[in-house]
Amino acid sequence: MKYKINEVFESLQGEGALTGKPSIFIRFQGCPVGCSWCDTKHTWNVSYENLISNEVFDKKKKILNEWCEMTIAQLLNMFTARSYNSKHVVITGGEPCMYDLTPLCEALEHGGYSCQVETSGTFEINVSVNCWVTLSPKIKMKGGYKVLASSYHKASEIKYPVARGSHISELKNIIEKYRLSYNIIYVQPISMRSKATQLAVKSCIENNWRLSVQLHKYLQID
Ligand code: SF4
């Protein structure tokens with residue numbers, strides 16, 4: 001099996017419960033969800049005009065819409081060749097759950113890595129049993145995709161982007177509908193905007209939720 005990959009890099013996890021954890025990020029190409037504030041719009045389209053060879057991909061520095069196809073073995077070899085130290089792998093995108101991620105997670109776990117997937121929940125989440133699932137439900141987005149009920153049941157944490165009061169109401173409805181524990185709720189201000197941050201802090205204090213800031217953006221790291 002080959003996956004469509006936009007980027008592979010090592011950094012710190014900047015969001016949610018695992019903030020601060022040294023991680024290898026595998027960013028998948030492709031996402032039809034269409035969030036207006038998306039900060040990885042370059043991953044949306046899978047255009048074969050932008051397919052590059054693994055050799056060119058390996059030297060790629062900037063965030064571009066180019067991508068390559070990689071097998072699990074090629075990904076693991078890349079980790080070794082680049083001398084990555086992290087033992088945690090974040091599978092992100094784009095929308096990685098457009099792909100069956102179970103073989104990838106199982107191979108990573110076999111190689112001594114823990115796994116995490118970051119998903120909008122709009123596609124079936126196919127991962128290993130032990131994979132940490134970060135669900136960031138994207139509701140009423142341009143692409144018209146619905147968040148699947150099964151995604152809420154698989155979530156290890158819910159990372160909810162907020163900018164206005166209606167987002168808080170949506171979140172409360174979700175918590176009630178799917179009987180989610182307040183313990184797994186992380187509220188994240190959209191695009192670090194000041195008003196969104198104030199709203200997120202207030203709602204966390206009022207509801208016993210936790211705050212997720214995009215730490216990597218504050219630190220100005222990848
Ligand atoms: S689901 Fe994620 S990658 Fe896709 S548009 Fe929304 S924020 Fe961007």
# chains A, B, ... in the order shown; residues from 1 in each chain; ligands from 1

call {"tool": "residues_around", "arguments": {"residues": "Val56 (chain A)", "least_positions_apart": "4", "cutoff": "9 Å", "atoms": "only C-alpha atoms", "output": "PyMOL selection string"}}
result
chain A and resi 52+60+68

call {"tool": "write_last_selection", "arguments": {"atoms": "C-alpha atoms", "output": "compact mmCIF listing (two decimals), in the first residue's frame"}}
result
# COMPACT_ATOMS: atom_id res chain seq x y z
CA ILE A 52 7.05 14.39 -7.14
CA LYS A 60 11.71 19.45 0.00
CA CYS A 68 4.77 11.86 -3.11

call {"tool": "closest_atom_pairs", "arguments": {"of": "region 164-203 of chain A", "to": "region 139-143 of chain A", "cutoff": "12 Å", "atoms": "only C-alpha atoms", "output": "CSV"}}
result
residue,atom,partner,partner_atom,distance
A:Ser166,CA,A:Ile139,CA,11.6
A:His167,CA,A:Ile139,CA,9.5
A:Glu170,CA,A:Ile139,CA,8.7
A:Leu171,CA,A:Ile139,CA,10.1
A:Asn173,CA,A:Ile139,CA,12.0
A:Ile174,CA,A:Ile139,CA,10.5

call {"tool": "closest_atom_pairs", "arguments": {"of": "chain A", "to": "ligand 1", "cutoff": "12 Å", "atoms": "only C-alpha atoms and all ligand atoms", "output": "Markdown table"}}
result
| residue | atom | partner | partner_atom_place_in_ligand_line | distance |
| --- | --- | --- | --- | --- |
| A:Asn6 | CA | ligand 1 | 3 (S) | 11.8 |
| A:Arg27 | CA | ligand 1 | 3 (S) | 9.7 |
| A:Phe28 | CA | ligand 1 | 3 (S) | 9.2 |
| A:Gln29 | CA | ligand 1 | 3 (S) | 9.0 |
| A:Gly30 | CA | ligand 1 | 3 (S) | 7.8 |
| A:Cys31 | CA | ligand 1 | 4 (Fe) | 4.8 |
| A:Pro32 | CA | ligand 1 | 4 (Fe) | 6.4 |
| A:Val33 | CA | ligand 1 | 5 (S) | 4.9 |
| A:Gly34 | CA | ligand 1 | 5 (S) | 4.1 |
| A:Cys35 | CA | ligand 1 | 5 (S) | 4.1 |
| A:Ser36 | CA | ligand 1 | 5 (S) | 7.1 |
| A:Trp37 | CA | ligand 1 | 7 (S) | 6.9 |
| A:Cys38 | CA | ligand 1 | 8 (Fe) | 4.0 |
| A:Asp39 | CA | ligand 1 | 8 (Fe) | 6.3 |
| A:Thr40 | CA | ligand 1 | 8 (Fe) | 5.5 |
| A:Lys41 | CA | ligand 1 | 8 (Fe) | 6.0 |
| A:His42 | CA | ligand 1 | 3 (S) | 8.9 |
| A:Thr43 | CA | ligand 1 | 3 (S) | 6.9 |
| A:Trp44 | CA | ligand 1 | 3 (S) | 6.8 |
| A:Asn45 | CA | ligand 1 | 4 (Fe) | 10.4 |
| A:Ile91 | CA | ligand 1 | 3 (S) | 11.9 |
| A:Thr92 | CA | ligand 1 | 3 (S) | 8.2 |
| A:Gly93 | CA | ligand 1 | 3 (S) | 5.4 |
| A:Gly94 | CA | ligand 1 | 3 (S) | 3.8 |
| A:Glu95 | CA | ligand 1 | 4 (Fe) | 5.6 |
| A:Pro96 | CA | ligand 1 | 3 (S) | 8.8 |
| A:Cys97 | CA | ligand 1 | 1 (S) | 10.2 |
| A:Met98 | CA | ligand 1 | 4 (Fe) | 10.8 |
| A:Val117 | CA | ligand 1 | 2 (Fe) | 11.8 |
| A:Glu118 | CA | ligand 1 | 2 (Fe) | 8.4 |
| A:Thr119 | CA | ligand 1 | 1 (S) | 6.8 |
| A:Ser120 | CA | ligand 1 | 1 (S) | 4.9 |
| A:Gly121 | CA | ligand 1 | 1 (S) | 8.4 |
| A:Thr122 | CA | ligand 1 | 1 (S) | 8.3 |
| A:Phe123 | CA | ligand 1 | 1 (S) | 10.4 |
| A:Thr134 | CA | ligand 1 | 2 (Fe) | 11.7 |
| A:Leu135 | CA | ligand 1 | 1 (S) | 10.1 |
| A:Ser136 | CA | ligand 1 | 1 (S) | 7.9 |
| A:Pro137 | CA | ligand 1 | 1 (S) | 8.2 |
| A:Lys138 | CA | ligand 1 | 1 (S) | 6.5 |
| A:Ile139 | CA | ligand 1 | 6 (Fe) | 9.6 |
| A:Lys140 | CA | ligand 1 | 6 (Fe) | 10.9 |
| A:Met141 | CA | ligand 1 | 6 (Fe) | 8.0 |
| A:Lys142 | CA | ligand 1 | 5 (S) | 8.9 |
| A:Gly143 | CA | ligand 1 | 5 (S) | 8.5 |
| A:Gly144 | CA | ligand 1 | 5 (S) | 11.3 |
| A:Tyr145 | CA | ligand 1 | 1 (S) | 9.8 |
| A:Lys146 | CA | ligand 1 | 1 (S) | 11.3 |
| A:Val147 | CA | ligand 1 | 1 (S) | 10.5 |
| A:Lys159 | CA | ligand 1 | 7 (S) | 11.5 |
| A:Tyr160 | CA | ligand 1 | 7 (S) | 11.1 |
| A:Pro161 | CA | ligand 1 | 7 (S) | 9.4 |
| A:Ile190 | CA | ligand 1 | 7 (S) | 10.2 |
| A:Ser191 | CA | ligand 1 | 7 (S) | 10.9 |

call {"tool": "residues_around", "arguments": {"residues": "Tyr3 (chain A)", "least_positions_apart": "6", "cutoff": "10 Å", "atoms": "only C-alpha atoms", "output": "list in words"}}
result
Phe28, Gln29, Trp67, Cys68, Glu69, Met70, Thr71, Ile72, Leu75, Pro96, Tyr99, Asp100, Leu101 and Leu104 of chain A

call {"tool": "write_last_selection", "arguments": {"atoms": "N, CA and C atoms", "output": "mmCIF file, in the first residue's frame"}}
result
data_model
loop_
_atom_site.group_PDB
_atom_site.id
_atom_site.type_symbol
_atom_site.label_atom_id
_atom_site.label_comp_id
_atom_site.auth_asym_id
_atom_site.auth_seq_id
_atom_site.Cartn_x
_atom_site.Cartn_y
_atom_site.Cartn_z
ATOM 1 N N PHE A 28 -0.568 13.946 5.518
ATOM 2 C CA PHE A 28 -1.138 13.343 4.319
ATOM 3 C C PHE A 28 -1.664 14.417 3.369
ATOM 4 N N GLN A 29 -1.641 14.074 2.084
ATOM 5 C CA GLN A 29 -2.204 14.962 1.066
ATOM 6 C C GLN A 29 -3.672 14.604 0.837
ATOM 7 N N TRP A 67 3.505 16.494 -3.416
ATOM 8 C CA TRP A 67 3.365 15.321 -2.565
ATOM 9 C C TRP A 67 4.008 14.134 -3.261
ATOM 10 N N CYS A 68 4.239 13.082 -2.498
ATOM 11 C CA CYS A 68 4.772 11.863 -3.114
ATOM 12 C C CYS A 68 4.053 10.649 -2.547
ATOM 13 N N GLU A 69 4.241 9.524 -3.184
ATOM 14 C CA GLU A 69 3.638 8.281 -2.709
ATOM 15 C C GLU A 69 4.696 7.491 -1.955
ATOM 16 N N MET A 70 4.357 7.052 -0.757
ATOM 17 C CA MET A 70 5.330 6.313 0.046
ATOM 18 C C MET A 70 4.717 5.062 0.643
ATOM 19 N N THR A 71 5.507 4.009 0.677
ATOM 20 C CA THR A 71 5.091 2.789 1.375
ATOM 21 C C THR A 71 5.437 2.947 2.855
ATOM 22 N N ILE A 72 4.926 2.046 3.663
ATOM 23 C CA ILE A 72 5.239 2.073 5.099
ATOM 24 C C ILE A 72 6.746 1.885 5.303
ATOM 25 N N LEU A 75 8.593 5.060 4.640
ATOM 26 C CA LEU A 75 8.443 6.027 5.739
ATOM 27 C C LEU A 75 9.376 5.676 6.902
ATOM 28 N N PRO A 96 -6.247 12.498 7.038
ATOM 29 C CA PRO A 96 -5.600 11.194 6.893
ATOM 30 C C PRO A 96 -6.571 10.022 6.899
ATOM 31 N N TYR A 99 -7.737 7.415 4.233
ATOM 32 C CA TYR A 99 -6.942 6.214 3.966
ATOM 33 C C TYR A 99 -7.142 5.206 5.101
ATOM 34 N N ASP A 100 -6.921 3.931 4.828
ATOM 35 C CA ASP A 100 -6.895 2.920 5.901
ATOM 36 C C ASP A 100 -5.532 3.021 6.588
ATOM 37 N N LEU A 101 -5.545 3.492 7.824
ATOM 38 C CA LEU A 101 -4.283 3.743 8.542
ATOM 39 C C LEU A 101 -3.873 2.577 9.441
ATOM 40 N N LEU A 104 -0.408 1.052 8.782
ATOM 41 C CA LEU A 104 0.644 2.012 9.148
ATOM 42 C C LEU A 104 0.820 2.065 10.664
#

call {"tool": "select_by_dssp", "arguments": {"residues": "region 1-217 of chain A", "states": "strand (DSSP E)", "output": "PyMOL selection string"}}
result
chain A and resi 2-12+22-28+68-71+88-92+114-119+132-135+157-162+185-189+210-211

call {"tool": "select_by_dssp", "arguments": {"residues": "region 51-145 of chain A", "states": "helix (DSSP H, G or I)", "output": "list of chain:residue names"}}
result
A:Asn54, A:Glu55, A:Val56, A:Phe57, A:Asp58, A:Lys59, A:Ile72, A:Ala73, A:Gln74, A:Leu75, A:Leu76, A:Asn77, A:Met78, A:Phe79, A:Thr80, A:Ala81, A:Pro96, A:Cys97, A:Met98, A:Thr102, A:Pro103, A:Leu104, A:Cys105, A:Glu106, A:Ala107, A:Leu108, A:Glu109, A:His110

call {"tool": "residues_around", "arguments": {"residues": "Gln198 (chain A)", "least_positions_apart": "2", "cutoff": "12 Å", "atoms": "only C-alpha atoms", "output": "PDB file with N, CA, C and O atoms, in the first residue's frame"}}
result
ATOM      1  N   VAL A 162     -12.863  27.125  18.259  1.00  0.00           N
ATOM      2  CA  VAL A 162     -13.921  28.107  18.558  1.00  0.00           C
ATOM      3  C   VAL A 162     -13.477  29.525  18.198  1.00  0.00           C
ATOM      4  O   VAL A 162     -12.308  29.880  18.320  1.00  0.00           O
ATOM      5  N   ALA A 163     -14.465  30.313  17.780  1.00  0.00           N
ATOM      6  CA  ALA A 163     -14.223  31.745  17.531  1.00  0.00           C
ATOM      7  C   ALA A 163     -15.412  32.575  17.990  1.00  0.00           C
ATOM      8  O   ALA A 163     -15.274  33.771  18.212  1.00  0.00           O
ATOM      9  N   ARG A 164     -16.585  31.940  18.109  1.00  0.00           N
ATOM     10  CA  ARG A 164     -17.762  32.702  18.530  1.00  0.00           C
ATOM     11  C   ARG A 164     -18.696  31.820  19.365  1.00  0.00           C
ATOM     12  O   ARG A 164     -18.530  30.590  19.417  1.00  0.00           O
ATOM     13  N   GLY A 165     -19.675  32.491  19.990  1.00  0.00           N
ATOM     14  CA  GLY A 165     -20.577  31.813  20.927  1.00  0.00           C
ATOM     15  C   GLY A 165     -21.283  30.613  20.331  1.00  0.00           C
ATOM     16  O   GLY A 165     -21.503  29.612  21.028  1.00  0.00           O
ATOM     17  N   VAL A 187     -10.653  22.962  24.100  1.00  0.00           N
ATOM     18  CA  VAL A 187     -11.166  24.063  23.290  1.00  0.00           C
ATOM     19  C   VAL A 187      -9.988  24.844  22.729  1.00  0.00           C
ATOM     20  O   VAL A 187      -9.070  25.209  23.473  1.00  0.00           O
ATOM     21  N   GLN A 188     -10.024  25.056  21.428  1.00  0.00           N
ATOM     22  CA  GLN A 188      -8.861  25.697  20.786  1.00  0.00           C
ATOM     23  C   GLN A 188      -9.302  26.956  20.020  1.00  0.00           C
ATOM     24  O   GLN A 188     -10.123  26.869  19.111  1.00  0.00           O
ATOM     25  N   PRO A 189      -8.765  28.123  20.412  1.00  0.00           N
ATOM     26  CA  PRO A 189      -9.123  29.354  19.688  1.00  0.00           C
ATOM     27  C   PRO A 189      -8.679  29.276  18.234  1.00  0.00           C
ATOM     28  O   PRO A 189      -7.553  28.870  17.952  1.00  0.00           O
ATOM     29  N   ILE A 190      -9.570  29.675  17.326  1.00  0.00           N
ATOM     30  CA  ILE A 190      -9.234  29.629  15.906  1.00  0.00           C
ATOM     31  C   ILE A 190      -8.222  30.725  15.569  1.00  0.00           C
ATOM     32  O   ILE A 190      -8.423  31.894  15.916  1.00  0.00           O
ATOM     33  N   MET A 192      -5.510  31.805  16.710  1.00  0.00           N
ATOM     34  CA  MET A 192      -4.893  32.597  17.786  1.00  0.00           C
ATOM     35  C   MET A 192      -5.520  33.988  17.927  1.00  0.00           C
ATOM     36  O   MET A 192      -4.900  34.899  18.475  1.00  0.00           O
ATOM     37  N   ARG A 193      -6.753  34.171  17.425  1.00  0.00           N
ATOM     38  CA  ARG A 193      -7.363  35.498  17.511  1.00  0.00           C
ATOM     39  C   ARG A 193      -7.674  35.820  18.970  1.00  0.00           C
ATOM     40  O   ARG A 193      -8.062  34.937  19.733  1.00  0.00           O
ATOM     41  N   SER A 194      -7.511  37.103  19.326  1.00  0.00           N
ATOM     42  CA  SER A 194      -7.643  37.518  20.720  1.00  0.00           C
ATOM     43  C   SER A 194      -9.051  37.229  21.263  1.00  0.00           C
ATOM     44  O   SER A 194      -9.213  36.674  22.350  1.00  0.00           O
ATOM     45  N   LYS A 195     -10.082  37.606  20.501  1.00  0.00           N
ATOM     46  CA  LYS A 195     -11.465  37.385  20.982  1.00  0.00           C
ATOM     47  C   LYS A 195     -11.744  35.901  21.134  1.00  0.00           C
ATOM     48  O   LYS A 195     -12.398  35.468  22.081  1.00  0.00           O
ATOM     49  N   ALA A 196     -11.251  35.118  20.196  1.00  0.00           N
ATOM     50  CA  ALA A 196     -11.451  33.667  20.256  1.00  0.00           C
ATOM     51  C   ALA A 196     -10.749  33.092  21.486  1.00  0.00           C
ATOM     52  O   ALA A 196     -11.278  32.203  22.161  1.00  0.00           O
ATOM     53  N   ALA A 200     -12.469  31.135  24.557  1.00  0.00           N
ATOM     54  CA  ALA A 200     -12.034  29.773  24.892  1.00  0.00           C
ATOM     55  C   ALA A 200     -11.681  29.668  26.374  1.00  0.00           C
ATOM     56  O   ALA A 200     -12.094  28.710  27.053  1.00  0.00           O
ATOM     57  N   VAL A 201     -10.955  30.649  26.890  1.00  0.00           N
ATOM     58  CA  VAL A 201     -10.562  30.629  28.310  1.00  0.00           C
ATOM     59  C   VAL A 201     -11.814  30.656  29.190  1.00  0.00           C
ATOM     60  O   VAL A 201     -11.953  29.855  30.130  1.00  0.00           O
ATOM     61  N   LYS A 202     -12.723  31.548  28.867  1.00  0.00           N
ATOM     62  CA  LYS A 202     -13.962  31.680  29.663  1.00  0.00           C
ATOM     63  C   LYS A 202     -14.754  30.368  29.649  1.00  0.00           C
ATOM     64  O   LYS A 202     -15.193  29.886  30.690  1.00  0.00           O
ATOM     65  N   SER A 203     -14.903  29.786  28.474  1.00  0.00           N
ATOM     66  CA  SER A 203     -15.716  28.568  28.376  1.00  0.00           C
ATOM     67  C   SER A 203     -15.048  27.396  29.092  1.00  0.00           C
ATOM     68  O   SER A 203     -15.729  26.541  29.665  1.00  0.00           O
ATOM     69  N   CYS A 204     -13.725  27.365  29.080  1.00  0.00           N
ATOM     70  CA  CYS A 204     -13.012  26.293  29.807  1.00  0.00           C
ATOM     71  C   CYS A 204     -13.285  26.410  31.307  1.00  0.00           C
ATOM     72  O   CYS A 204     -13.581  25.408  31.974  1.00  0.00           O
ATOM     73  N   ILE A 205     -13.165  27.630  31.833  1.00  0.00           N
ATOM     74  CA  ILE A 205     -13.371  27.815  33.269  1.00  0.00           C
ATOM     75  C   ILE A 205     -14.817  27.482  33.646  1.00  0.00           C
ATOM     76  O   ILE A 205     -15.075  26.820  34.656  1.00  0.00           O
ATOM     77  N   LEU A 211      -7.940  23.975  27.833  1.00  0.00           N
ATOM     78  CA  LEU A 211      -7.569  24.890  26.753  1.00  0.00           C
ATOM     79  C   LEU A 211      -6.457  24.259  25.918  1.00  0.00           C
ATOM     80  O   LEU A 211      -5.510  23.690  26.449  1.00  0.00           O
ATOM     81  N   VAL A 213      -3.901  25.630  23.084  1.00  0.00           N
ATOM     82  CA  VAL A 213      -3.411  26.710  22.212  1.00  0.00           C
ATOM     83  C   VAL A 213      -2.464  26.053  21.210  1.00  0.00           C
ATOM     84  O   VAL A 213      -1.966  24.972  21.448  1.00  0.00           O
TER      85      VAL A 213
END

call {"tool": "closest_residue", "arguments": {"among": "A:Lys21, A:Arg82, A:Lys217, A:Arg210", "to": "Val8 (chain A)", "atoms": "only C-alpha atoms"}}
result
A:Arg82

call {"tool": "closest_residue", "arguments": {"among": "A:Leu180, A:Ile185, A:Ala73, A:Cys131", "to": "Ser114 (chain A)", "atoms": "only C-alpha atoms"}}
result
A:Cys131

call {"tool": "residues_around", "arguments": {"residues": "Ser23 (chain A)", "least_positions_apart": "2", "cutoff": "12 Å", "atoms": "only C-alpha atoms", "output": "ChimeraX atom specification"}}
result
/A:8-15,18-21,25-26,79,84-92,113-117,222
